[in-house]
Number of protein chains: 2
Amino acid sequence: MEEYKKILIAKGIKPTFQRIKILEYLSRNRTHPTVDMIYTALFKKVPTLSKTTVYNTLDILRENGLVDVLTITESEMRYEYCTEPHHHFLCRRCGRIIDLDVKCPYLEKMKFGEHKLEQIHGYFKGICKDCLEEAQ
Amino acid sequence: MEEYKKILIAKGIKPTFQRIKILEYLSRNRTHPTVDMIYTALFKKVPTLSKTTVYNTLDILRENGLVDVLTITESEMRYEYCTEPHHHFLCRRCGRIIDLDVKCPYLEKMKFGEHKLEQIHGYFKGICKDCLEEAQ
DNA sequence: ATACAAATTTAAAATCGTTACAAATTTGTA
DNA sequence: TACAAATTTGTAACGATTTTAAATTTGTAT
Ligand SMILES: [Mn+2]
Ligand SMILES: [Mn+2]
Ligand SMILES: [Zn+2]
Ligand SMILES: [Zn+2]
């Protein structure tokens, strides 16, 4: 609670209860949740919460570099607490999005050719280890 | 026309007029169009075309490995005629999606760790060369 | 050719994630 | 306490996609 309040203040974002809770949720749940997952989880604790606030807050957090957005699935956006750049694996069976420890030269240099590079997304898709085992 | 008819037949897909036209369009327009772009362009030539047919056909083409789908933007899917795997650059200024010639070891091996890897998407995002120049 | 079943196309409605909007509430300051 | 600004909220609008069922086309048996 206090920790996330400080983070918001450091970024010049007014640390409202909702913003703190959303940032805290993302920091504690490294599952790349959808907006609806965030909303549903927090609504239990904050029954006045509006989904619009989740959208608004995520936009603010994103603008301030506290949150990253993944376009890895075909229907909804995924959000994650911003850390070091890394790649992701999406399992088409269970839908989980798993952080990968991929050695990618571009991730560090953030430089490529003549274009101005701002983000790199590495999306690996297939069947995850657990689902493979489950199917024997 | 005949060329794409043959490709469809080779895949066991009934080569209807609409399917041929959609496949032909994707082969000739390597711009990673949206469904709406495909529909709007073809509607001029095929005024009876339905957007549902575009969706249906793209699904079939995708299932048969003739078309790839990109989830690079935040709102709609992008389609491309299937070629050798390659990465992409999305310009947030002009919206163009540019094919990249990135050396990626994973693209060739298609193997990574303990998961079963089926696809790799490399999405680079930023400002393209042309837009940079245009802004001096 | 004709009839009929299956496949395909089409148009319309439904769904769902996201955005726009305006009212209600909260916050900061005088 | 009063008031303006910022934030939150609920609702409506939007747009991409999916669902559904009717219309059309195709292939095949007669
Ligand atoms: Mn991650
Ligand atoms: Mn491409
Ligand atoms: Zn899985
Ligand atoms: Zn550009």
# chains A, B, ... in the order shown; residues from 1 in each chain; ligands from 1
$ interface_residues --of "chain B" --to "chain A" --cutoff "7 Å" --atoms "only C-alpha atoms" --output "count of residues only"
20
$ interface_residues --of "chain A" --to "chain D" --cutoff "8 Å" --atoms "only C-alpha atoms (C1' of nucleotides)" --output "ChimeraX atom specification"
/A:49-50,52-53
$ write_last_selection --atoms "C-alpha atoms" --output "PDB file, in the first residue's frame"
ATOM      1  CA  LEU A  49     -14.916   0.357  -8.347  1.00  0.00           C
ATOM      2  CA  SER A  50     -15.830   1.179 -11.918  1.00  0.00           C
ATOM      3  CA  THR A  52     -13.855   2.857 -16.484  1.00  0.00           C
ATOM      4  CA  THR A  53     -11.529   3.702 -13.626  1.00  0.00           C
TER       5      THR A  53
END
$ calpha_fit_and_write --fixed "chain A" --moving "chain B" --output "short mmCIF file (atom, residue, chain, number, x, y, z; two decimals) with N, CA and C atoms, in the first residue's frame"
data_model
loop_
_atom_site.label_atom_id
_atom_site.label_comp_id
_atom_site.auth_asym_id
_atom_site.auth_seq_id
_atom_site.Cartn_x
_atom_site.Cartn_y
_atom_site.Cartn_z
N MET B 1 0.90 -1.14 0.02
CA MET B 1 0.04 0.07 -0.01
C MET B 1 0.90 1.32 -0.02
N GLU B 2 1.66 1.51 1.06
CA GLU B 2 2.54 2.68 1.13
C GLU B 2 3.57 2.68 0.01
N GLU B 3 4.04 1.46 -0.27
CA GLU B 3 5.06 1.31 -1.31
C GLU B 3 4.56 1.85 -2.66
N TYR B 4 3.33 1.47 -3.00
CA TYR B 4 2.80 1.86 -4.30
C TYR B 4 2.40 3.33 -4.32
N LYS B 5 1.98 3.81 -3.16
CA LYS B 5 1.68 5.23 -3.02
C LYS B 5 2.93 6.05 -3.36
N LYS B 6 4.05 5.61 -2.84
CA LYS B 6 5.30 6.32 -3.10
C LYS B 6 5.66 6.29 -4.58
N ILE B 7 5.45 5.14 -5.18
CA ILE B 7 5.78 5.00 -6.61
C ILE B 7 4.95 5.98 -7.44
N LEU B 8 3.65 6.08 -7.10
CA LEU B 8 2.78 6.98 -7.83
C LEU B 8 3.22 8.43 -7.63
N ILE B 9 3.47 8.79 -6.38
CA ILE B 9 3.89 10.16 -6.08
C ILE B 9 5.18 10.50 -6.83
N ALA B 10 6.08 9.56 -6.84
CA ALA B 10 7.37 9.78 -7.52
C ALA B 10 7.16 10.09 -9.00
N LYS B 11 6.07 9.58 -9.55
CA LYS B 11 5.78 9.81 -10.97
C LYS B 11 4.89 11.02 -11.16
N GLY B 12 4.52 11.67 -10.07
CA GLY B 12 3.66 12.84 -10.17
C GLY B 12 2.20 12.49 -10.39
N ILE B 13 1.83 11.24 -10.03
CA ILE B 13 0.44 10.80 -10.18
C ILE B 13 -0.23 10.86 -8.81
N LYS B 14 -1.38 11.49 -8.76
CA LYS B 14 -2.09 11.57 -7.48
C LYS B 14 -2.42 10.16 -7.00
N PRO B 15 -1.97 9.80 -5.81
CA PRO B 15 -2.11 8.41 -5.36
C PRO B 15 -3.48 8.14 -4.76
N THR B 16 -4.47 8.02 -5.60
CA THR B 16 -5.81 7.72 -5.11
C THR B 16 -5.89 6.26 -4.70
N PHE B 17 -6.91 5.95 -3.92
CA PHE B 17 -7.09 4.58 -3.43
C PHE B 17 -7.16 3.58 -4.59
N GLN B 18 -7.96 3.92 -5.59
CA GLN B 18 -8.12 3.02 -6.74
C GLN B 18 -6.80 2.80 -7.47
N ARG B 19 -6.06 3.87 -7.68
CA ARG B 19 -4.81 3.74 -8.42
C ARG B 19 -3.81 2.90 -7.65
N ILE B 20 -3.75 3.12 -6.35
CA ILE B 20 -2.83 2.33 -5.53
C ILE B 20 -3.19 0.84 -5.62
N LYS B 21 -4.49 0.57 -5.52
CA LYS B 21 -4.94 -0.82 -5.54
C LYS B 21 -4.64 -1.50 -6.88
N ILE B 22 -4.84 -0.77 -7.94
CA ILE B 22 -4.59 -1.35 -9.27
C ILE B 22 -3.11 -1.61 -9.48
N LEU B 23 -2.29 -0.64 -9.08
CA LEU B 23 -0.85 -0.83 -9.22
C LEU B 23 -0.37 -1.98 -8.34
N GLU B 24 -0.90 -2.02 -7.12
CA GLU B 24 -0.54 -3.10 -6.20
C GLU B 24 -0.94 -4.46 -6.78
N TYR B 25 -2.14 -4.51 -7.35
CA TYR B 25 -2.59 -5.78 -7.93
C TYR B 25 -1.66 -6.25 -9.03
N LEU B 26 -1.28 -5.32 -9.90
CA LEU B 26 -0.40 -5.71 -11.01
C LEU B 26 0.97 -6.14 -10.51
N SER B 27 1.42 -5.49 -9.46
CA SER B 27 2.74 -5.87 -8.93
C SER B 27 2.71 -7.25 -8.30
N ARG B 28 1.60 -7.59 -7.67
CA ARG B 28 1.51 -8.87 -6.97
C ARG B 28 1.02 -10.01 -7.83
N ASN B 29 0.40 -9.68 -8.97
CA ASN B 29 -0.13 -10.72 -9.85
C ASN B 29 0.55 -10.63 -11.21
N ARG B 30 1.62 -11.35 -11.34
CA ARG B 30 2.40 -11.28 -12.58
C ARG B 30 1.87 -12.28 -13.61
N THR B 31 0.57 -12.21 -13.85
CA THR B 31 -0.08 -13.17 -14.75
C THR B 31 -0.56 -12.53 -16.04
N HIS B 32 -0.19 -11.25 -16.25
CA HIS B 32 -0.61 -10.54 -17.45
C HIS B 32 -2.14 -10.54 -17.57
N PRO B 33 -2.81 -10.01 -16.57
CA PRO B 33 -4.28 -10.07 -16.55
C PRO B 33 -4.92 -9.13 -17.57
N THR B 34 -6.18 -9.46 -17.89
CA THR B 34 -7.00 -8.57 -18.70
C THR B 34 -7.59 -7.49 -17.80
N VAL B 35 -8.20 -6.48 -18.42
CA VAL B 35 -8.89 -5.45 -17.64
C VAL B 35 -9.96 -6.08 -16.77
N ASP B 36 -10.67 -7.02 -17.35
CA ASP B 36 -11.76 -7.65 -16.61
C ASP B 36 -11.26 -8.45 -15.41
N MET B 37 -10.13 -9.10 -15.58
CA MET B 37 -9.55 -9.84 -14.45
C MET B 37 -9.17 -8.89 -13.32
N ILE B 38 -8.56 -7.78 -13.67
CA ILE B 38 -8.18 -6.78 -12.67
C ILE B 38 -9.43 -6.25 -11.97
N TYR B 39 -10.41 -5.90 -12.78
CA TYR B 39 -11.65 -5.34 -12.24
C TYR B 39 -12.35 -6.33 -11.31
N THR B 40 -12.52 -7.55 -11.79
CA THR B 40 -13.23 -8.56 -11.01
C THR B 40 -12.53 -8.86 -9.69
N ALA B 41 -11.21 -8.95 -9.74
CA ALA B 41 -10.46 -9.24 -8.52
C ALA B 41 -10.58 -8.09 -7.52
N LEU B 42 -10.45 -6.87 -7.98
CA LEU B 42 -10.45 -5.73 -7.07
C LEU B 42 -11.86 -5.37 -6.60
N PHE B 43 -12.84 -5.69 -7.41
CA PHE B 43 -14.22 -5.35 -7.06
C PHE B 43 -14.63 -6.00 -5.73
N LYS B 44 -14.07 -7.15 -5.46
CA LYS B 44 -14.38 -7.84 -4.20
C LYS B 44 -13.97 -7.00 -3.00
N LYS B 45 -12.86 -6.30 -3.14
CA LYS B 45 -12.36 -5.48 -2.04
C LYS B 45 -12.88 -4.05 -2.12
N VAL B 46 -13.16 -3.59 -3.33
CA VAL B 46 -13.58 -2.20 -3.55
C VAL B 46 -14.86 -2.21 -4.37
N PRO B 47 -15.99 -2.46 -3.71
CA PRO B 47 -17.26 -2.69 -4.43
C PRO B 47 -17.76 -1.48 -5.20
N THR B 48 -17.17 -0.33 -4.98
CA THR B 48 -17.62 0.85 -5.74
C THR B 48 -16.81 1.02 -7.02
N LEU B 49 -15.81 0.18 -7.18
CA LEU B 49 -14.91 0.33 -8.33
C LEU B 49 -15.65 0.26 -9.65
N SER B 50 -15.26 1.11 -10.55
CA SER B 50 -15.84 1.10 -11.89
C SER B 50 -14.81 0.60 -12.89
N LYS B 51 -15.31 -0.11 -13.90
CA LYS B 51 -14.38 -0.62 -14.90
C LYS B 51 -13.72 0.53 -15.66
N THR B 52 -14.46 1.62 -15.82
CA THR B 52 -13.88 2.79 -16.48
C THR B 52 -12.65 3.29 -15.73
N THR B 53 -12.71 3.24 -14.42
CA THR B 53 -11.55 3.66 -13.62
C THR B 53 -10.36 2.75 -13.88
N VAL B 54 -10.62 1.47 -14.04
CA VAL B 54 -9.52 0.56 -14.36
C VAL B 54 -8.89 0.96 -15.69
N TYR B 55 -9.73 1.21 -16.68
CA TYR B 55 -9.21 1.64 -17.99
C TYR B 55 -8.43 2.94 -17.85
N ASN B 56 -9.03 3.91 -17.19
CA ASN B 56 -8.37 5.21 -17.04
C ASN B 56 -7.03 5.08 -16.33
N THR B 57 -7.05 4.34 -15.25
CA THR B 57 -5.82 4.19 -14.45
C THR B 57 -4.73 3.48 -15.24
N LEU B 58 -5.12 2.42 -15.94
CA LEU B 58 -4.12 1.71 -16.74
C LEU B 58 -3.50 2.63 -17.79
N ASP B 59 -4.30 3.50 -18.36
CA ASP B 59 -3.77 4.45 -19.33
C ASP B 59 -2.72 5.34 -18.68
N ILE B 60 -3.06 5.85 -17.50
CA ILE B 60 -2.13 6.73 -16.79
C ILE B 60 -0.85 6.00 -16.42
N LEU B 61 -1.02 4.80 -15.90
CA LEU B 61 0.16 4.01 -15.51
C LEU B 61 1.03 3.70 -16.73
N ARG B 62 0.38 3.46 -17.82
CA ARG B 62 1.11 3.17 -19.03
C ARG B 62 1.89 4.40 -19.52
N GLU B 63 1.20 5.53 -19.54
CA GLU B 63 1.85 6.77 -19.98
C GLU B 63 3.08 7.08 -19.12
N ASN B 64 3.04 6.67 -17.87
CA ASN B 64 4.14 6.98 -16.97
C ASN B 64 5.13 5.83 -16.82
N GLY B 65 5.02 4.86 -17.70
CA GLY B 65 6.01 3.80 -17.72
C GLY B 65 5.95 2.84 -16.55
N LEU B 66 4.80 2.78 -15.88
CA LEU B 66 4.69 1.86 -14.75
C LEU B 66 4.08 0.52 -15.18
N VAL B 67 3.45 0.54 -16.34
CA VAL B 67 2.75 -0.66 -16.81
C VAL B 67 3.04 -0.86 -18.29
N ASP B 68 3.16 -2.12 -18.68
CA ASP B 68 3.32 -2.46 -20.10
C ASP B 68 2.07 -3.16 -20.60
N VAL B 69 1.83 -3.02 -21.90
CA VAL B 69 0.66 -3.63 -22.51
C VAL B 69 1.10 -4.66 -23.54
N LEU B 70 0.47 -5.81 -23.50
CA LEU B 70 0.76 -6.86 -24.47
C LEU B 70 -0.41 -7.02 -25.43
N THR B 71 -0.11 -7.15 -26.71
CA THR B 71 -1.14 -7.43 -27.72
C THR B 71 -0.97 -8.87 -28.20
N ILE B 72 -0.74 -9.74 -27.27
CA ILE B 72 -0.39 -11.13 -27.65
C ILE B 72 -1.59 -11.97 -28.04
N THR B 73 -2.77 -11.68 -27.46
CA THR B 73 -3.96 -12.46 -27.83
C THR B 73 -4.76 -11.72 -28.90
N GLU B 74 -5.82 -12.37 -29.37
CA GLU B 74 -6.56 -11.80 -30.48
C GLU B 74 -7.76 -10.98 -30.05
N SER B 75 -8.08 -11.01 -28.76
CA SER B 75 -9.32 -10.33 -28.36
C SER B 75 -9.11 -9.18 -27.39
N GLU B 76 -8.28 -9.39 -26.35
CA GLU B 76 -8.17 -8.33 -25.36
C GLU B 76 -6.71 -8.02 -25.03
N MET B 77 -6.50 -6.86 -24.46
CA MET B 77 -5.15 -6.48 -24.10
C MET B 77 -4.79 -7.06 -22.74
N ARG B 78 -3.51 -7.27 -22.56
CA ARG B 78 -2.98 -7.82 -21.33
C ARG B 78 -2.06 -6.79 -20.71
N TYR B 79 -2.09 -6.69 -19.38
CA TYR B 79 -1.30 -5.68 -18.69
C TYR B 79 -0.31 -6.34 -17.75
N GLU B 80 0.83 -5.69 -17.58
CA GLU B 80 1.80 -6.22 -16.62
C GLU B 80 2.59 -5.09 -15.99
N TYR B 81 2.92 -5.33 -14.74
CA TYR B 81 3.77 -4.40 -14.01
C TYR B 81 5.09 -4.31 -14.75
N CYS B 82 5.54 -3.10 -14.98
CA CYS B 82 6.71 -2.89 -15.83
C CYS B 82 7.99 -3.32 -15.13
N THR B 83 8.73 -4.20 -15.80
CA THR B 83 10.03 -4.63 -15.29
C THR B 83 11.05 -4.56 -16.43
N GLU B 84 12.09 -5.36 -16.35
CA GLU B 84 13.02 -5.40 -17.47
C GLU B 84 12.29 -6.01 -18.67
N PRO B 85 12.62 -5.55 -19.87
CA PRO B 85 11.98 -6.10 -21.07
C PRO B 85 12.21 -7.61 -21.16
N HIS B 86 11.17 -8.32 -21.55
CA HIS B 86 11.30 -9.76 -21.71
C HIS B 86 10.25 -10.25 -22.70
N HIS B 87 10.42 -11.48 -23.17
CA HIS B 87 9.50 -12.05 -24.14
C HIS B 87 8.46 -12.91 -23.45
N HIS B 88 7.47 -13.34 -24.24
CA HIS B 88 6.34 -14.09 -23.66
C HIS B 88 5.95 -15.30 -24.47
N PHE B 89 5.39 -16.26 -23.77
CA PHE B 89 4.85 -17.46 -24.41
C PHE B 89 3.36 -17.55 -24.11
N LEU B 90 2.57 -17.68 -25.16
CA LEU B 90 1.11 -17.84 -24.99
C LEU B 90 0.72 -19.26 -25.32
N CYS B 91 0.09 -19.94 -24.35
CA CYS B 91 -0.37 -21.31 -24.59
C CYS B 91 -1.79 -21.28 -25.15
N ARG B 92 -1.97 -21.86 -26.31
CA ARG B 92 -3.31 -21.84 -26.93
C ARG B 92 -4.25 -22.83 -26.28
N ARG B 93 -3.71 -23.69 -25.43
CA ARG B 93 -4.57 -24.65 -24.73
C ARG B 93 -5.14 -24.01 -23.45
N CYS B 94 -4.25 -23.61 -22.55
CA CYS B 94 -4.72 -23.10 -21.25
C CYS B 94 -4.80 -21.57 -21.22
N GLY B 95 -4.26 -20.90 -22.23
CA GLY B 95 -4.38 -19.45 -22.30
C GLY B 95 -3.37 -18.69 -21.45
N ARG B 96 -2.55 -19.41 -20.71
CA ARG B 96 -1.57 -18.73 -19.87
C ARG B 96 -0.54 -17.98 -20.69
N ILE B 97 -0.06 -16.89 -20.12
CA ILE B 97 1.03 -16.13 -20.74
C ILE B 97 2.22 -16.21 -19.80
N ILE B 98 3.28 -16.81 -20.28
CA ILE B 98 4.44 -17.12 -19.45
C ILE B 98 5.63 -16.25 -19.84
N ASP B 99 6.27 -15.68 -18.83
CA ASP B 99 7.48 -14.90 -19.08
C ASP B 99 8.59 -15.81 -19.59
N LEU B 100 9.31 -15.36 -20.59
CA LEU B 100 10.41 -16.15 -21.13
C LEU B 100 11.74 -15.48 -20.83
N ASP B 101 12.74 -16.29 -20.68
CA ASP B 101 14.09 -15.75 -20.49
C ASP B 101 14.85 -15.97 -21.79
N VAL B 102 14.47 -15.19 -22.78
CA VAL B 102 15.02 -15.34 -24.12
C VAL B 102 16.18 -14.36 -24.31
N LYS B 103 17.24 -14.86 -24.84
CA LYS B 103 18.38 -14.00 -25.16
C LYS B 103 18.05 -13.29 -26.47
N CYS B 104 17.75 -12.02 -26.37
CA CYS B 104 17.40 -11.27 -27.58
C CYS B 104 18.28 -10.03 -27.65
N PRO B 105 19.14 -9.97 -28.63
CA PRO B 105 20.07 -8.83 -28.73
C PRO B 105 19.36 -7.49 -28.85
N TYR B 106 18.19 -7.49 -29.49
CA TYR B 106 17.47 -6.24 -29.72
C TYR B 106 16.87 -5.68 -28.44
N LEU B 107 16.52 -6.59 -27.52
CA LEU B 107 15.92 -6.16 -26.26
C LEU B 107 16.87 -5.25 -25.49
N GLU B 108 18.16 -5.50 -25.58
CA GLU B 108 19.12 -4.71 -24.83
C GLU B 108 19.50 -3.43 -25.55
N LYS B 109 19.81 -3.58 -26.81
CA LYS B 109 20.23 -2.41 -27.58
C LYS B 109 19.08 -1.45 -27.86
N MET B 110 17.88 -2.04 -28.03
CA MET B 110 16.72 -1.23 -28.40
C MET B 110 17.05 -0.34 -29.61
N LYS B 111 17.76 -0.94 -30.51
CA LYS B 111 18.15 -0.20 -31.70
C LYS B 111 17.96 -1.12 -32.89
N PHE B 112 17.34 -0.60 -33.93
CA PHE B 112 17.21 -1.42 -35.13
C PHE B 112 17.09 -0.54 -36.35
N GLY B 113 18.08 -0.65 -37.21
CA GLY B 113 18.03 -0.01 -38.51
C GLY B 113 17.69 1.47 -38.46
N GLU B 114 16.94 1.91 -39.44
CA GLU B 114 16.71 3.33 -39.63
C GLU B 114 15.46 3.84 -38.91
N HIS B 115 14.66 2.91 -38.34
CA HIS B 115 13.47 3.34 -37.62
C HIS B 115 13.81 3.65 -36.17
N LYS B 116 12.98 4.50 -35.56
CA LYS B 116 13.17 4.78 -34.13
C LYS B 116 12.42 3.72 -33.33
N LEU B 117 13.17 2.90 -32.64
CA LEU B 117 12.58 1.76 -31.94
C LEU B 117 12.25 2.13 -30.50
N GLU B 118 11.01 1.89 -30.12
CA GLU B 118 10.57 2.24 -28.77
C GLU B 118 10.19 1.02 -27.92
N GLN B 119 9.66 0.01 -28.59
CA GLN B 119 9.26 -1.21 -27.87
C GLN B 119 9.58 -2.44 -28.70
N ILE B 120 9.84 -3.52 -28.02
CA ILE B 120 9.99 -4.80 -28.71
C ILE B 120 9.11 -5.83 -28.00
N HIS B 121 8.31 -6.50 -28.80
CA HIS B 121 7.44 -7.54 -28.27
C HIS B 121 7.82 -8.87 -28.91
N GLY B 122 8.20 -9.82 -28.10
CA GLY B 122 8.48 -11.16 -28.60
C GLY B 122 7.42 -12.11 -28.11
N TYR B 123 6.55 -12.53 -29.01
CA TYR B 123 5.44 -13.41 -28.64
C TYR B 123 5.67 -14.80 -29.22
N PHE B 124 5.87 -15.76 -28.35
CA PHE B 124 6.01 -17.15 -28.77
C PHE B 124 4.68 -17.83 -28.47
N LYS B 125 4.16 -18.59 -29.41
CA LYS B 125 2.86 -19.21 -29.22
C LYS B 125 2.91 -20.71 -29.49
N GLY B 126 2.14 -21.44 -28.72
CA GLY B 126 2.11 -22.90 -28.90
C GLY B 126 1.41 -23.57 -27.74
N ILE B 127 1.95 -24.70 -27.29
CA ILE B 127 1.38 -25.44 -26.15
C ILE B 127 2.42 -25.46 -25.04
N CYS B 128 1.99 -25.05 -23.85
CA CYS B 128 2.94 -24.95 -22.75
C CYS B 128 3.32 -26.33 -22.20
N LYS B 129 4.39 -26.35 -21.46
CA LYS B 129 4.92 -27.58 -20.88
C LYS B 129 3.85 -28.34 -20.10
N ASP B 130 3.14 -27.63 -19.21
CA ASP B 130 2.14 -28.28 -18.37
C ASP B 130 1.05 -28.95 -19.21
N CYS B 131 0.58 -28.25 -20.23
CA CYS B 131 -0.48 -28.81 -21.07
C CYS B 131 0.03 -30.00 -21.86
N LEU B 132 1.29 -29.96 -22.25
CA LEU B 132 1.88 -31.10 -22.96
C LEU B 132 1.88 -32.33 -22.07
N GLU B 133 2.30 -32.15 -20.82
CA GLU B 133 2.37 -33.27 -19.88
C GLU B 133 0.97 -33.81 -19.58
N GLU B 134 0.04 -32.89 -19.42
CA GLU B 134 -1.33 -33.30 -19.09
C GLU B 134 -1.91 -34.19 -20.18
N ALA B 135 -1.49 -33.97 -21.42
CA ALA B 135 -1.96 -34.79 -22.55
C ALA B 135 -1.04 -36.01 -22.70
N GLN B 136 -0.46 -36.44 -21.60
CA GLN B 136 0.48 -37.58 -21.53
C GLN B 136 1.89 -37.25 -22.05
#
$ closest_atom_pairs --of "chain C" --to "chain A" --cutoff "9 Å" --atoms "only C-alpha atoms (C1' of nucleotides)" --output "tab-separated table"
residue	atom	partner	partner_atom	distance
C:DC16	C1'	A:Ser75	CA	8.9
C:DG17	C1'	A:Glu76	CA	6.4
C:DT18	C1'	A:Tyr55	CA	8.6
